[in-house]
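Working notes, structure below.
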Amino acid sequence: MVSERASARTDRIRLLVVGLALSLASHAAVADVVAVVSAKSTITTLSKSQLADIFLGKVSRLPNGARVVAIDQAEDAPARAEFYLKLADRSAPQMKAYWSKIIFTGRGQPPEEVHSSADMKKRIAADPAAIGYIEESLVDDSVRVVGRVQE
Amino acid sequence: MRTLLSHGENPKKHPRRRYIARSAGLQQATSHRVYAYRTHKLIAAVLIPALGCAAVVNADESMSPADPGPPLFSFSGFGTLGEVHSNDDRADFTSSLFKPTGAGYTHSWSADVDSLIAGQVTATFSPKFSAVLQVISEQSYNNTYTPQVEWANIKYQFTPDFSIRAGRTVLPCFFLSDTRNVGYTYAWVRPPVEVYHLLPVATSDGLDVSYRSHLGELADTIQLNAGGDTTHLTDNGGDSKARHSWGVSDTAELGALTVRVTYQYTNLTVPALDSFFGELRQFGPQGAAIADRYDADHKPNRFFDIGAGYDPGAWFLMTEWAYSQTNSFVTQSSAWDVGGGYRLGKLTPYVLFARTKADKLSDPGLDLSSVPAVLVGHAIGLNAELNSILSTNPVQSTGSIGARWDFVKNCDLKLQLDHTRLGAGSSGTLINIQPGFRLGGTLDLFSAAVDFVW
């Protein structure tokens with residue numbers, strides 16, 4: 001009786017560990033995501049904390065006075081989940097909760113959204129003030145990488 | 001040992017008892033909620049000029065084609081569907097002191113405690129000029145779900161760090177007060193009633209100024225508010241008035257750490273118990289002294305709160321301490337809570353503990369030896385009534401365990417168990433106290449809630 005219960009418990013723990021490992025593995029499978037601006041932008045590099053301030057809506061101007069507008073990928077885009085997980089240690093639901101606090105207290109609105117990494121690249125390339133993120137493999141000479149969010 | 005309520009009547013059958021129990025249960029009615037009948041005027045006052053200005057401003061600040069800017073109107077909303085079960089059928093548990101019923105006596109399982117739905121429209125006329133209107137439907141004082149205006153203001157953003165809002169805002173008194181209705185934004189089923197009853201709902205019609213400064217990695221936001229409001233109490237409780245309200249709140253953010261400190265002043269008038277204090281005053285100087293001590297006629301109310309949250313991502317901790325002081329029947333109370341959780345993927349188990357105490361649960365009342373013999377019976381009745389009012393000042397503590405499960409996009413499910421101990425001689429935050437209810441007893445609650453945002 002006792003040993004049955006004990007083995008049921010170890011089974012449950014094993015299940016939990018496997019589940020955790022799988023969820024970690026699924027994050028690791030996503031390609032590296034990089035922050036990009038237009039090739040026409042004057043921005044060359046940004047620190048992780050500067051990027052976090054921009055994408056969490058805390059700043060809309062850089063220290064040099066340049067205006068900066070964050071652009072998001074669609075809510076379901078893998079690049080978006082990966083970007084915020086690395087940038088702010090926040091999952092998609094945590095980011096949704098974060099913006100809900102700001103929206104429902106009238107303090108602001110989340111960044112404008114584009115549908116795909118390709119749209120993101122077009123949107124960024126056309127606007128010197130815009131900043132977004134795409135998979136590193138998609139970077140070409142229309143955009144400039146200004147920051148990485150990997151540890 | 002069982003302590004029985006001194007007056008055993010069913011409040012429902014005795015409107016006056018119910019009236020007093022409710023209005024005393026009101027606690028700091030410093031709050032300033034207004035109901036539908038006043039809101040239409042306000043919406044008109046705030047939004048019509050705002051919409052009128054929109055065209056002018058848009059013409060003023062034309063944007064470059066590459067930057068279409070935010071849309072003029074954005075619509076969003078949130079809601080909670082909740083069920084609460086209480087193991088004590090002689091009193092109602094409820095989440096806000098403006099709700100007339102809850103789980104326990106009125107319903108074994110109550111959806112009224114936590115359920116609500118709200119819609120919001122944000123109008124962004126220009127990068128600097130915006131307006132917000134948020135309407136919420138939840139159980140209100142008259143047991144209807146008539147939509148009420150929670151936020152309705154216009155905002156002018158002078159710089160990215162400096163803004164002024166005019167209209168209705170929710171006062172940032174508690175750590176979670178301005179988002180307390182949006183269950184999706186926090187882990188627990190509801191903010192702990194021990195702390196949040198001290199100043200239950202706090203919208204203010206007036207002005208609000210916000211200034212943010214940056215010091216290296218530290219972002220500090222100071223917010224000043226001034227205004228006032230009228231709160232409609234229960235069916236026969238009349239309007240309580242909060243005049244000359246002002247407050248200051250400072251929020252410091254450093255990485256994963258957030259600390260907020262608030263001071264709020266209000267001049268409070270609660271007419272609900274006027275006839276009771278009028279009767280006391282007929283007992284000469286000693287009656288007048290007691291009435292002056294406990295009535296709520298233009299009484300200053302001072303409120304202080306400090307809260308902190310640490311949320312590095314995988315886990316979080318939150319704590320706050322609040323203190324409220326007024327020379328009225330609600331006397332002075334303090335409360336604190338501490339809670340935390342650990343995120344295991346989509347599942348977040350959490351624990352929470354909260355405690356509140358009030359400094360005055362009883363009073364000797366009128367000195368019967370100096371009362372004319374013919375009035376002794378009446379004086380005894382008034383003393384009992386005074387003590388029953390004071391016994392509704394909550395003293396209680398609650399330990400909670402629960403879990404939040406983010407089971408699908410923009411939606412969570414929460415299950416929570418609460419174990420509450422009432423302080424000796426106190427009915428805690430409970431309402432609709434019934435004959436046989438045990439003051440100073442314990443209470444177990446089970447809550448289930450689904451929160452959503454869109």
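Residue numbering restarts at 1 in every chain; chains get A, B, ... in the order shown in the structure tokens, and ligands count up from 1 in that same order.
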
**Message:** Show me, as a ChimeraX atom specification, the residues of chain B whose atoms get within 9 Å of chain A, using only C-alpha atoms for the distance check.
**Reply:** /B:66-67,69-70,74,76-78,120,122,131-134,151,153,155,160-161,169-170,178-179,182,184-186,217,219,255,312-314,344-346,406,409-412,453

Take the residues just selected and output them with N, CA and C atoms as a short mmCIF file (atom, residue, chain, number, x, y, z; two decimals), in the first residue's frame.
data_model
loop_
_atom_site.label_atom_id
_atom_site.label_comp_id
_atom_site.auth_asym_id
_atom_site.auth_seq_id
_atom_site.Cartn_x
_atom_site.Cartn_y
_atom_site.Cartn_z
N ALA B 66 5.14 57.13 -43.35
CA ALA B 66 5.83 55.93 -42.88
C ALA B 66 5.37 55.56 -41.48
N ASP B 67 4.81 56.52 -40.76
CA ASP B 67 4.38 56.25 -39.39
C ASP B 67 2.89 56.53 -39.25
N GLY B 69 1.04 55.69 -37.00
CA GLY B 69 0.69 55.95 -35.61
C GLY B 69 -0.37 54.99 -35.14
N PRO B 70 -0.74 55.14 -33.88
CA PRO B 70 -1.74 54.23 -33.34
C PRO B 70 -3.11 54.55 -33.92
N SER B 74 -9.18 52.25 -29.97
CA SER B 74 -8.92 50.83 -29.74
C SER B 74 -9.90 50.32 -28.69
N SER B 76 -11.04 47.21 -26.11
CA SER B 76 -10.51 46.07 -25.37
C SER B 76 -11.45 45.79 -24.20
N GLY B 77 -11.19 44.72 -23.52
CA GLY B 77 -12.08 44.40 -22.41
C GLY B 77 -11.52 43.27 -21.58
N PHE B 78 -12.18 43.00 -20.48
CA PHE B 78 -11.75 41.91 -19.60
C PHE B 78 -12.94 41.43 -18.79
N GLN B 120 -13.69 48.59 -22.74
CA GLN B 120 -12.98 49.87 -22.72
C GLN B 120 -12.74 50.36 -24.14
N THR B 122 -10.37 53.26 -26.00
CA THR B 122 -9.31 54.26 -25.85
C THR B 122 -9.25 55.04 -27.14
N ALA B 131 -8.08 59.79 -24.74
CA ALA B 131 -9.18 59.68 -23.78
C ALA B 131 -9.47 58.22 -23.57
N VAL B 132 -9.96 57.88 -22.38
CA VAL B 132 -10.30 56.49 -22.10
C VAL B 132 -11.66 56.43 -21.39
N LEU B 133 -12.44 55.43 -21.78
CA LEU B 133 -13.73 55.20 -21.13
C LEU B 133 -13.82 53.70 -20.84
N GLN B 134 -13.99 53.37 -19.56
CA GLN B 134 -14.12 51.96 -19.19
C GLN B 134 -15.42 51.78 -18.41
N TRP B 151 -13.59 54.22 -15.35
CA TRP B 151 -12.62 55.22 -15.80
C TRP B 151 -13.28 56.06 -16.89
N ASN B 153 -11.72 59.57 -18.60
CA ASN B 153 -10.89 60.77 -18.49
C ASN B 153 -10.21 61.10 -19.80
N LYS B 155 -6.60 62.64 -21.32
CA LYS B 155 -5.21 62.75 -20.88
C LYS B 155 -4.42 63.60 -21.86
N PRO B 160 6.85 62.58 -22.83
CA PRO B 160 6.66 61.14 -22.55
C PRO B 160 6.59 60.84 -21.05
N ASP B 161 7.13 61.75 -20.21
CA ASP B 161 7.18 61.48 -18.78
C ASP B 161 6.24 62.34 -17.94
N THR B 169 -10.72 58.80 -12.47
CA THR B 169 -9.63 57.83 -12.44
C THR B 169 -9.83 56.96 -11.19
N VAL B 170 -9.18 55.82 -11.18
CA VAL B 170 -9.17 54.99 -9.98
C VAL B 170 -7.95 55.41 -9.18
N ASP B 178 -5.59 49.90 -8.87
CA ASP B 178 -6.07 50.34 -10.18
C ASP B 178 -6.27 49.21 -11.18
N THR B 179 -5.79 47.99 -10.85
CA THR B 179 -6.05 46.85 -11.73
C THR B 179 -6.78 45.74 -10.98
N VAL B 182 -9.09 43.47 -12.89
CA VAL B 182 -8.56 42.69 -14.01
C VAL B 182 -7.83 41.47 -13.45
N TYR B 184 -6.92 38.82 -14.64
CA TYR B 184 -5.87 38.26 -15.49
C TYR B 184 -4.49 38.84 -15.17
N THR B 185 -4.44 40.01 -14.51
CA THR B 185 -3.14 40.65 -14.27
C THR B 185 -2.46 40.22 -12.97
N TYR B 186 -3.14 39.40 -12.15
CA TYR B 186 -2.47 38.92 -10.94
C TYR B 186 -2.77 37.44 -10.71
N GLU B 217 19.07 53.05 -13.86
CA GLU B 217 18.11 51.99 -14.14
C GLU B 217 16.79 52.20 -13.39
N ALA B 219 13.34 53.85 -12.42
CA ALA B 219 12.27 54.72 -12.95
C ALA B 219 11.34 55.04 -11.80
N GLY B 255 14.45 47.23 -12.20
CA GLY B 255 14.48 45.85 -12.68
C GLY B 255 13.20 45.14 -12.32
N PRO B 312 10.96 38.44 -10.94
CA PRO B 312 12.03 38.23 -11.92
C PRO B 312 11.60 37.33 -13.08
N GLY B 313 10.37 36.80 -13.06
CA GLY B 313 9.91 35.99 -14.19
C GLY B 313 9.43 34.61 -13.77
N ALA B 314 10.35 33.79 -13.23
CA ALA B 314 9.98 32.42 -12.89
C ALA B 314 9.18 32.34 -11.59
N LEU B 344 5.41 27.23 -13.11
CA LEU B 344 5.84 25.97 -13.72
C LEU B 344 5.19 25.91 -15.09
N GLY B 345 5.80 26.54 -16.08
CA GLY B 345 5.15 26.61 -17.39
C GLY B 345 3.86 27.38 -17.25
N LYS B 346 2.75 26.72 -17.63
CA LYS B 346 1.46 27.41 -17.60
C LYS B 346 0.78 27.36 -16.24
N ASP B 406 -2.77 29.00 -16.97
CA ASP B 406 -2.99 29.74 -18.22
C ASP B 406 -3.28 28.72 -19.31
N LYS B 409 -4.87 30.81 -24.66
CA LYS B 409 -4.47 32.20 -24.89
C LYS B 409 -5.46 33.20 -24.28
N ASN B 410 -4.95 34.18 -23.56
CA ASN B 410 -5.75 35.29 -23.00
C ASN B 410 -6.79 34.86 -21.98
N CYS B 411 -6.58 33.70 -21.38
CA CYS B 411 -7.58 33.14 -20.48
C CYS B 411 -6.86 32.36 -19.38
N ASP B 412 -7.29 32.50 -18.14
CA ASP B 412 -6.72 31.66 -17.08
C ASP B 412 -7.83 31.06 -16.24
N VAL B 453 -9.09 38.36 -21.06
CA VAL B 453 -8.88 39.71 -21.59
C VAL B 453 -8.98 39.61 -23.11
#

Who sits within 7 Å of A:Val145, only C-alpha atoms, same chain under 5 positions skipped, as a CSV table (one decimal) with N, CA and C atoms, in the first residue's frame:
chain,number,residue,atom,x,y,z
A,34,VAL,N,16.9,38.5,-33.2
A,34,VAL,CA,17.7,39.7,-32.9
A,34,VAL,C,16.8,41.0,-33.1
A,35,ALA,N,17.2,42.0,-32.4
A,35,ALA,CA,16.5,43.3,-32.6
A,35,ALA,C,17.1,44.0,-33.7
A,36,VAL,N,16.2,44.6,-34.6
A,36,VAL,CA,16.7,45.3,-35.8
A,36,VAL,C,16.0,46.7,-36.0
A,37,VAL,N,16.8,47.5,-36.6
A,37,VAL,CA,16.2,48.8,-37.0
A,37,VAL,C,16.5,49.0,-38.5

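The shell of residues at most 10 Å from B:Cys173, with only C-alpha atoms counted and near chain neighbours (fewer than 6 positions) removed, consists of Tyr196, Leu199, Pro200, Val201, Ala202, Thr203, Gly247, Val248, Ser249, Arg260, Val261, Thr262, Tyr263, Gln264, Phe303, Phe304, Asp305, Ile306, Gly307 and Ala322 of chain B.
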
**Prompt:** What is the atom CA of B:Gln157-atom CA of B:Ser130 distance in Å, reported with one decimal?
**Reply:**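 Rounded to one decimal, the two atoms are 8.2 Å apart.
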
**Prompt:** In Å, how far is it from atom CA of B:Ser400 to atom CA of B:Leu445?
**Reply:**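 We find that atom CA of B:Ser400 and atom CA of B:Leu445 lie 9.3 Å from each other.
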
**Request:** Just the residues within 12 Å of A:Met120, please, counting only C-alpha atoms, with nothing from its chain fewer than 4 positions along; format it as a VMD selection string.
**Result:** chain A and resid 35 to 38 70 to 74 77 79 to 80 112 to 116 124 to 127 130 to 135 138 to 139 142 to 143
